[in-house]
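The file structure.csv contains CSV, N, CA and C atoms and all ligand atoms:
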```csv
chain,number,residue,atom,x,y,z
C,1,MET,N,97.4,55.8,78.6
C,1,MET,CA,96.3,56.2,77.7
C,1,MET,C,96.6,57.5,77.1
C,2,LYS,N,96.3,57.6,75.8
C,2,LYS,CA,96.5,58.9,75.1
C,2,LYS,C,95.4,59.9,75.5
C,3,ASP,N,95.8,61.1,75.5
C,3,ASP,CA,94.9,62.2,75.8
C,3,ASP,C,94.3,62.8,74.5
C,4,ILE,N,93.1,63.2,74.5
C,4,ILE,CA,92.5,63.9,73.4
C,4,ILE,C,93.3,65.0,72.9
C,5,PHE,N,94.1,65.6,73.8
C,5,PHE,CA,94.9,66.8,73.4
C,5,PHE,C,96.0,66.5,72.5
C,6,ASP,N,96.4,65.2,72.4
C,6,ASP,CA,97.5,64.7,71.6
C,6,ASP,C,97.1,64.7,70.1
C,7,SER,N,95.8,64.7,69.9
C,7,SER,CA,95.3,64.5,68.5
C,7,SER,C,95.1,65.9,67.8
C,8,VAL,N,95.0,65.8,66.5
C,8,VAL,CA,94.8,67.0,65.7
C,8,VAL,C,93.3,67.3,65.6
C,9,MET,N,92.9,68.5,65.8
C,9,MET,CA,91.5,68.8,65.8
C,9,MET,C,91.2,69.8,64.7
C,10,LEU,N,90.2,69.5,63.9
C,10,LEU,CA,89.8,70.5,62.8
C,10,LEU,C,88.6,71.3,63.2
C,11,CYS,N,88.6,72.6,62.8
C,11,CYS,CA,87.6,73.5,63.1
C,11,CYS,C,86.3,73.1,62.4
C,12,ASP,N,85.2,73.1,63.1
C,12,ASP,CA,83.9,72.7,62.6
C,12,ASP,C,83.3,73.8,61.7
C,13,GLN,N,83.9,74.9,61.6
C,13,GLN,CA,83.3,76.0,60.7
C,13,GLN,C,84.1,76.1,59.4
C,14,CYS,N,85.5,76.1,59.5
C,14,CYS,CA,86.3,76.3,58.2
C,14,CYS,C,87.0,75.1,57.9
C,15,ASN,N,86.9,74.0,58.7
C,15,ASN,CA,87.6,72.8,58.5
C,15,ASN,C,89.2,72.9,58.5
C,16,GLY,N,89.6,74.0,59.0
C,16,GLY,CA,91.1,74.3,59.1
C,16,GLY,C,91.6,73.6,60.4
C,17,LYS,N,93.0,73.5,60.4
C,17,LYS,CA,93.6,72.9,61.5
C,17,LYS,C,93.7,73.9,62.7
C,18,THR,N,93.3,73.4,63.9
C,18,THR,CA,93.3,74.2,65.0
C,18,THR,C,94.7,74.2,65.7
C,19,GLU,N,95.0,75.2,66.5
C,19,GLU,CA,96.3,75.3,67.2
C,19,GLU,C,96.0,75.0,68.7
C,20,LYS,N,97.0,74.3,69.4
C,20,LYS,CA,96.8,74.1,70.8
C,20,LYS,C,97.3,75.3,71.5
C,21,THR,N,96.5,75.6,72.6
C,21,THR,CA,96.9,76.8,73.4
C,21,THR,C,96.5,76.5,74.9
C,22,GLN,N,96.8,77.5,75.7
C,22,GLN,CA,96.4,77.4,77.1
C,22,GLN,C,95.7,78.7,77.5
C,23,VAL,N,94.7,78.6,78.3
C,23,VAL,CA,94.1,79.8,78.8
C,23,VAL,C,94.0,79.8,80.3
C,24,SER,N,94.0,80.9,80.9
C,24,SER,CA,93.9,81.0,82.4
C,24,SER,C,92.6,81.5,82.8
C,25,LYS,N,91.9,80.7,83.7
C,25,LYS,CA,90.7,81.2,84.3
C,25,LYS,C,90.9,81.1,85.8
C,26,ASP,N,90.8,82.1,86.5
C,26,ASP,CA,91.0,82.2,88.0
C,26,ASP,C,92.3,81.4,88.4
C,27,GLY,N,93.4,81.6,87.7
C,27,GLY,CA,94.6,80.9,88.1
C,27,GLY,C,94.7,79.4,87.6
C,28,PHE,N,93.6,79.0,87.0
C,28,PHE,CA,93.5,77.6,86.5
C,28,PHE,C,94.1,77.5,85.1
C,29,ARG,N,94.9,76.6,84.8
C,29,ARG,CA,95.5,76.4,83.4
C,29,ARG,C,94.5,75.4,82.7
C,30,ILE,N,93.9,75.9,81.6
C,30,ILE,CA,93.0,75.1,80.9
C,30,ILE,C,93.5,74.9,79.4
C,31,ARG,N,93.7,73.7,79.0
C,31,ARG,CA,94.2,73.4,77.7
C,31,ARG,C,93.0,73.7,76.7
C,32,ALA,N,93.3,74.2,75.5
C,32,ALA,CA,92.3,74.5,74.6
C,32,ALA,C,92.8,74.4,73.1
C,33,TRP,N,91.9,74.4,72.2
C,33,TRP,CA,92.2,74.4,70.8
C,33,TRP,C,91.7,75.8,70.3
C,34,HIS,N,92.4,76.3,69.3
C,34,HIS,CA,92.1,77.6,68.8
C,34,HIS,C,92.1,77.6,67.3
C,35,CYS,N,91.1,78.2,66.7
C,35,CYS,CA,91.1,78.3,65.2
C,35,CYS,C,91.7,79.6,64.8
C,36,PRO,N,92.8,79.7,64.2
C,36,PRO,CA,93.4,81.0,63.9
C,36,PRO,C,92.6,81.8,62.9
C,37,LYS,N,91.8,81.1,62.1
C,37,LYS,CA,91.0,81.8,61.0
C,37,LYS,C,89.7,82.3,61.6
C,38,CYS,N,88.9,81.5,62.3
C,38,CYS,CA,87.6,81.9,62.9
C,38,CYS,C,87.7,82.5,64.3
C,39,LYS,N,88.8,82.4,64.9
C,39,LYS,CA,89.1,82.8,66.3
C,39,LYS,C,88.2,82.1,67.3
C,40,LYS,N,87.8,80.9,66.9
C,40,LYS,CA,86.9,80.1,67.8
C,40,LYS,C,87.9,79.3,68.8
C,41,LEU,N,87.3,79.1,70.0
C,41,LEU,CA,88.1,78.4,71.1
C,41,LEU,C,87.3,77.2,71.6
C,42,TRP,N,88.0,76.1,71.8
C,42,TRP,CA,87.4,74.9,72.4
C,42,TRP,C,88.2,74.5,73.6
C,43,TYR,N,87.6,74.4,74.8
C,43,TYR,CA,88.3,74.0,76.0
C,43,TYR,C,88.4,72.5,76.1
C,44,HIS,N,89.5,72.0,76.7
C,44,HIS,CA,89.7,70.6,77.0
C,44,HIS,C,88.6,70.2,78.0
C,45,PRO,N,87.8,69.1,77.6
C,45,PRO,CA,86.7,68.7,78.5
C,45,PRO,C,87.2,68.3,79.9
C,46,LEU,N,88.3,67.6,80.1
C,46,LEU,CA,88.7,67.2,81.4
C,46,LEU,C,89.2,68.5,82.3
C,47,ASP,N,89.8,69.4,81.6
C,47,ASP,CA,90.3,70.6,82.3
C,47,ASP,C,89.1,71.4,82.7
C,48,MET,N,88.0,71.5,81.9
C,48,MET,CA,86.8,72.2,82.2
C,48,MET,C,86.1,71.6,83.4
C,49,ARG,N,86.1,70.2,83.4
C,49,ARG,CA,85.4,69.5,84.5
C,49,ARG,C,86.1,69.9,85.8
C,50,ASP,N,87.5,69.8,85.8
C,50,ASP,CA,88.2,70.2,87.0
C,50,ASP,C,88.0,71.6,87.4
C,51,TYR,N,87.9,72.5,86.4
C,51,TYR,CA,87.6,73.9,86.7
C,51,TYR,C,86.2,74.1,87.3
C,52,GLN,N,85.2,73.4,86.8
C,52,GLN,CA,83.9,73.6,87.3
C,52,GLN,C,83.8,73.0,88.8
C,53,GLU,N,84.6,71.9,89.0
C,53,GLU,CA,84.6,71.3,90.3
C,53,GLU,C,85.2,72.3,91.3
C,54,TYR,N,86.3,73.0,90.8
C,54,TYR,CA,86.9,74.0,91.6
C,54,TYR,C,86.0,75.2,92.0
C,55,ILE,N,85.2,75.6,91.0
C,55,ILE,CA,84.2,76.7,91.2
C,55,ILE,C,83.2,76.3,92.3
C,56,LEU,N,82.7,75.1,92.2
C,56,LEU,CA,81.7,74.6,93.2
C,56,LEU,C,82.4,74.6,94.6
C,57,LEU,N,83.6,74.1,94.7
C,57,LEU,CA,84.3,74.1,96.0
C,57,LEU,C,84.6,75.5,96.5
C,58,ARG,N,85.0,76.4,95.6
C,58,ARG,CA,85.3,77.8,96.0
C,58,ARG,C,84.1,78.5,96.5
C,59,ASN,N,82.9,78.2,96.0
C,59,ASN,CA,81.7,78.9,96.5
C,59,ASN,C,81.1,78.3,97.7
C,60,LYS,N,81.7,77.2,98.2
C,60,LYS,CA,81.2,76.6,99.4
C,60,LYS,C,81.8,77.2,100.6
C,61,ASP,N,81.0,77.4,101.7
C,61,ASP,CA,81.6,77.9,102.9
C,61,ASP,C,81.6,76.7,103.9
C,62,PHE,N,82.7,76.2,104.2
C,62,PHE,CA,82.8,75.0,105.1
C,62,PHE,C,82.9,75.5,106.5
C,63,GLN,N,82.2,74.8,107.4
C,63,GLN,CA,82.4,75.1,108.9
C,63,GLN,C,83.2,73.9,109.4
C,64,VAL,N,84.4,74.1,109.9
C,64,VAL,CA,85.2,73.0,110.3
C,64,VAL,C,85.6,73.2,111.8
C,65,LYS,N,86.0,72.1,112.4
C,65,LYS,CA,86.3,72.0,113.8
C,65,LYS,C,87.8,72.4,114.0
C,66,LEU,N,88.0,73.2,115.0
C,66,LEU,CA,89.4,73.5,115.5
C,66,LEU,C,89.5,73.0,116.9
C,67,ARG,N,90.5,72.1,117.1
C,67,ARG,CA,90.7,71.6,118.5
C,67,ARG,C,92.1,71.4,118.8
C,68,GLU,N,92.4,71.4,120.2
C,68,GLU,CA,93.7,71.4,120.7
C,68,GLU,C,94.2,69.9,120.9
C,69,VAL,N,95.4,69.6,120.3
C,69,VAL,CA,96.0,68.3,120.5
C,69,VAL,C,97.4,68.5,120.9
C,70,GLY,N,97.8,68.3,122.1
C,70,GLY,CA,99.1,68.5,122.6
C,70,GLY,C,99.5,70.0,122.5
C,71,ASN,N,100.6,70.3,121.9
C,71,ASN,CA,101.1,71.6,121.7
C,71,ASN,C,100.5,72.3,120.5
C,72,SER,N,99.7,71.6,119.7
C,72,SER,CA,99.2,72.2,118.4
C,72,SER,C,97.7,72.3,118.4
C,73,TRP,N,97.2,72.9,117.4
C,73,TRP,CA,95.8,72.9,117.1
C,73,TRP,C,95.5,72.2,115.8
C,74,ILE,N,94.5,71.5,115.7
C,74,ILE,CA,94.2,70.7,114.5
C,74,ILE,C,92.9,71.3,113.9
C,75,VAL,N,92.9,71.4,112.6
C,75,VAL,CA,91.8,71.8,111.8
C,75,VAL,C,91.3,70.7,110.9
C,76,SER,N,90.1,70.4,110.8
C,76,SER,CA,89.6,69.3,109.9
C,76,SER,C,89.4,69.9,108.5
C,77,ILE,N,90.1,69.4,107.5
C,77,ILE,CA,89.9,69.8,106.2
C,77,ILE,C,88.9,68.9,105.5
C,78,PRO,N,87.8,69.4,104.9
C,78,PRO,CA,86.8,68.6,104.3
C,78,PRO,C,87.4,67.7,103.2
C,79,LYS,N,86.8,66.5,103.1
C,79,LYS,CA,87.3,65.4,102.2
C,79,LYS,C,87.2,65.9,100.8
C,80,GLU,N,86.2,66.7,100.4
C,80,GLU,CA,86.1,67.2,99.0
C,80,GLU,C,87.3,68.0,98.6
C,81,ILE,N,87.9,68.8,99.5
C,81,ILE,CA,89.1,69.5,99.2
C,81,ILE,C,90.3,68.6,99.1
C,82,ILE,N,90.4,67.7,100.0
C,82,ILE,CA,91.5,66.7,99.9
C,82,ILE,C,91.5,65.9,98.6
C,83,ARG,N,90.3,65.5,98.2
C,83,ARG,CA,90.1,64.7,97.0
C,83,ARG,C,90.5,65.6,95.8
C,84,PHE,N,90.0,66.8,95.8
C,84,PHE,CA,90.2,67.8,94.7
C,84,PHE,C,91.7,68.0,94.6
C,85,GLU,N,92.4,68.1,95.7
C,85,GLU,CA,93.9,68.4,95.6
C,85,GLU,C,94.7,67.1,95.4
C,86,GLU,N,94.0,66.0,95.3
C,86,GLU,CA,94.6,64.7,95.0
C,86,GLU,C,95.6,64.3,96.0
C,87,ILE,N,95.3,64.5,97.3
C,87,ILE,CA,96.2,64.1,98.4
C,87,ILE,C,95.8,62.8,98.9
C,88,SER,N,96.7,61.8,98.9
C,88,SER,CA,96.4,60.5,99.2
C,88,SER,C,97.2,60.0,100.5
C,89,THR,N,98.3,60.7,100.8
C,89,THR,CA,99.0,60.3,101.9
C,89,THR,C,99.4,61.5,102.8
C,90,ALA,N,99.8,61.3,104.0
C,90,ALA,CA,100.2,62.4,104.9
C,90,ALA,C,101.3,63.2,104.2
C,91,LYS,N,101.3,64.5,104.2
C,91,LYS,CA,102.4,65.3,103.6
C,91,LYS,C,102.5,66.6,104.3
C,92,VAL,N,103.7,67.2,104.1
C,92,VAL,CA,104.0,68.5,104.7
C,92,VAL,C,103.5,69.5,103.8
C,93,ILE,N,102.7,70.5,104.2
C,93,ILE,CA,102.2,71.6,103.4
C,93,ILE,C,102.6,72.9,104.0
C,94,SER,N,102.5,73.9,103.2
C,94,SER,CA,102.9,75.3,103.7
C,94,SER,C,101.7,76.0,104.4
C,95,LEU,N,101.9,76.6,105.5
C,95,LEU,CA,100.8,77.3,106.2
C,95,LEU,C,101.4,78.6,106.7
C,96,ASN,N,100.6,79.7,106.4
C,96,ASN,CA,101.1,81.0,107.0
C,96,ASN,C,99.9,81.9,107.4
C,97,LEU,N,100.2,82.8,108.3
C,97,LEU,CA,99.2,83.8,108.7
C,97,LEU,C,99.2,84.9,107.7
C,98,ASP,N,98.3,84.9,106.7
C,98,ASP,CA,98.3,85.8,105.6
C,98,ASP,C,98.0,87.3,106.1
C,99,GLU,N,97.0,87.4,106.9
C,99,GLU,CA,96.6,88.7,107.5
C,99,GLU,C,95.9,88.3,108.8
C,100,PRO,N,95.7,89.3,109.7
C,100,PRO,CA,95.0,89.0,111.0
C,100,PRO,C,93.7,88.3,110.7
C,101,GLY,N,93.4,87.1,111.2
C,101,GLY,CA,92.2,86.4,111.0
C,101,GLY,C,92.1,85.6,109.8
C,102,LYS,N,93.2,85.5,109.0
C,102,LYS,CA,93.2,84.7,107.8
C,102,LYS,C,94.5,83.8,107.7
C,103,VAL,N,94.3,82.5,107.8
C,103,VAL,CA,95.4,81.5,107.7
C,103,VAL,C,95.3,80.9,106.3
C,104,VAL,N,96.4,80.8,105.6
C,104,VAL,CA,96.4,80.2,104.2
C,104,VAL,C,97.2,78.9,104.3
C,105,LEU,N,96.6,77.8,103.7
C,105,LEU,CA,97.3,76.6,103.5
C,105,LEU,C,97.6,76.4,102.0
C,106,LYS,N,98.8,76.0,101.7
C,106,LYS,CA,99.2,75.8,100.3
C,106,LYS,C,99.5,74.4,100.0
C,107,PHE,N,98.6,73.8,99.1
C,107,PHE,CA,98.8,72.5,98.6
C,107,PHE,C,99.5,72.7,97.2
C,108,THR,N,100.7,72.3,97.0
C,108,THR,CA,101.4,72.6,95.8
C,108,THR,C,101.0,71.7,94.7
C,109,LYS,N,99.9,72.1,94.0
C,109,LYS,CA,99.5,71.3,92.8
C,109,LYS,C,99.8,72.2,91.6
C,110,ILE,N,100.9,72.0,91.0
C,110,ILE,CA,101.5,72.9,90.0
C,110,ILE,C,100.6,73.1,88.8
C,111,ARG,N,100.0,72.0,88.3
C,111,ARG,CA,99.2,72.1,87.0
C,111,ARG,C,98.1,73.1,87.0
C,112,ARG,N,97.6,73.5,88.3
C,112,ARG,CA,96.5,74.4,88.3
C,112,ARG,C,96.9,75.9,88.4
C,113,VAL,N,98.2,76.1,88.6
C,113,VAL,CA,98.7,77.5,88.8
C,113,VAL,C,99.5,77.9,87.6
C,114,LEU,N,99.3,79.0,87.1
C,114,LEU,CA,100.1,79.5,86.0
C,114,LEU,C,101.4,80.2,86.5
O,201,ZN,ZN,87.9,77.8,61.7
```

Go ahead and render the structure in this file as structure tokens.
Amino acid sequence: MKDIFDSVMLCDQCNGKTEKTQVSKDGFRIRAWHCPKCKKLWYHPLDMRDYQEYILLRNKDFQVKLREVGNSWIVSIPKEIIRFEEISTAKVISLNLDEPGKVVLKFTKIRRVL
């Protein structure tokens, strides 16, 4: 299926041809159209939907269970985060102790990071 971003968009003010660009919001890559004449900017609707979903998740404070299984400890990651990161099968991810009391998991979803 073709993406709306593949088509040419005209500015609704000057009727001039817009230019494709990318903007970064909180490390999120958002495709956009820009009118060089009017300096107006239009965000790609799908990228904005993803961005808003991210903001909702980021503002949520999850309480998850930590339990011992064999020689390791298991943390339950909420389904919303797994769905957002588009993880569908078991995979190896990066985990590190960022600072005392803070563990960071990295799901490598490249399109969201600039
Ligand atoms: Zn314009």

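Environment of ligand ZN 201 (chain O), defined as every protein or nucleic acid residue with an atom within 5 Å of it and counting all atoms listed in the file, comprises Cys11, Gln13, Cys14, Asn15, Gly16, Cys35, Lys37 and Cys38 of chain C.
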
Legend entry - Surrounding residues of Val92 in chain C excluding itself and chain neighbours under 6 positions, 12 Å, only C-alpha atoms, as a PyMOL selection string: chain C and resi 105-108

Would you save the residues of that selection, restricted to N, CA and C atoms, as an mmCIF file, in the frame of the given file?
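Printed below is selection01.cif as written:
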```cif
data_model
loop_
_atom_site.group_PDB
_atom_site.id
_atom_site.type_symbol
_atom_site.label_atom_id
_atom_site.label_comp_id
_atom_site.auth_asym_id
_atom_site.auth_seq_id
_atom_site.Cartn_x
_atom_site.Cartn_y
_atom_site.Cartn_z
ATOM 1 N N LEU C 105 96.600 77.800 103.700
ATOM 2 C CA LEU C 105 97.300 76.600 103.500
ATOM 3 C C LEU C 105 97.600 76.400 102.000
ATOM 4 N N LYS C 106 98.800 76.000 101.700
ATOM 5 C CA LYS C 106 99.200 75.800 100.300
ATOM 6 C C LYS C 106 99.500 74.400 100.000
ATOM 7 N N PHE C 107 98.600 73.800 99.100
ATOM 8 C CA PHE C 107 98.800 72.500 98.600
ATOM 9 C C PHE C 107 99.500 72.700 97.200
ATOM 10 N N THR C 108 100.700 72.300 97.000
ATOM 11 C CA THR C 108 101.400 72.600 95.800
ATOM 12 C C THR C 108 101.000 71.700 94.700
#
```

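Remark: for Tyr51 in chain C, the closest of the candidate residues C:Thr21, C:Val103, C:Ile30, C:Ser88 is C:Ile30 (distances computed over only N, CA and C atoms).
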
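Between CA of Arg31 in chain C and atom C of Tyr54 in chain C lies a distance of 16.6 Å.
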
Legend entry - Interatomic distance, CA of Tyr43 in chain C to CA of Lys2 in chain C (Å, one decimal): 17.2 Å

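Here atom N of Leu46 in chain C is placed at a distance of 28.0 Å from CA of Ala90 in chain C.
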
Could the centre and edge lengths of an axis-aligned box, enclosing all atoms of range 20-33 of chain C in the file with 8 Å extra on each side, be given in Å to one decimal as JSON?
```
{"center_x": 94.0, "center_y": 77.8, "center_z": 78.9, "size_x": 22.6, "size_y": 24.8, "size_z": 35.0}
```

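In this comparison, which uses only C-alpha atoms, the residue of C:Leu57, C:Val104, C:Leu41, C:Ile4 approaching Glu19 in chain C most closely is C:Leu41.
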
Inset, instruction - Please tell me which residues are no farther than 8 Å from (90.9, 73.1, 65.4) in the file, counting only N, CA and C atoms, and write them as a PyMOL selection string. - result: chain C and resi 8-12+15-20+33-36+40+42

Inset, instruction - Quick one: pick out all alpha helix (DSSP H) residues within chain C from a backbone DSSP run and write them as a list in words. - result: Pro45, Leu46, Asp47, Met48, Arg49, Asp50, Tyr51, Gln52, Glu53, Tyr54, Ile55, Leu56, Leu57, Arg58, Lys79, Glu80, Ile81, Ile82, Arg83 and Phe84 of chain C

Inset, instruction - Give as a list in words every residue, naming chains and numbers as the document does, that has an atom within 5 Å of (88.6, 73.9, 113.4), counting only N, CA and C atoms. - result: Val64, Lys65, Leu66, Arg67, Val75 and Ser76 of chain C
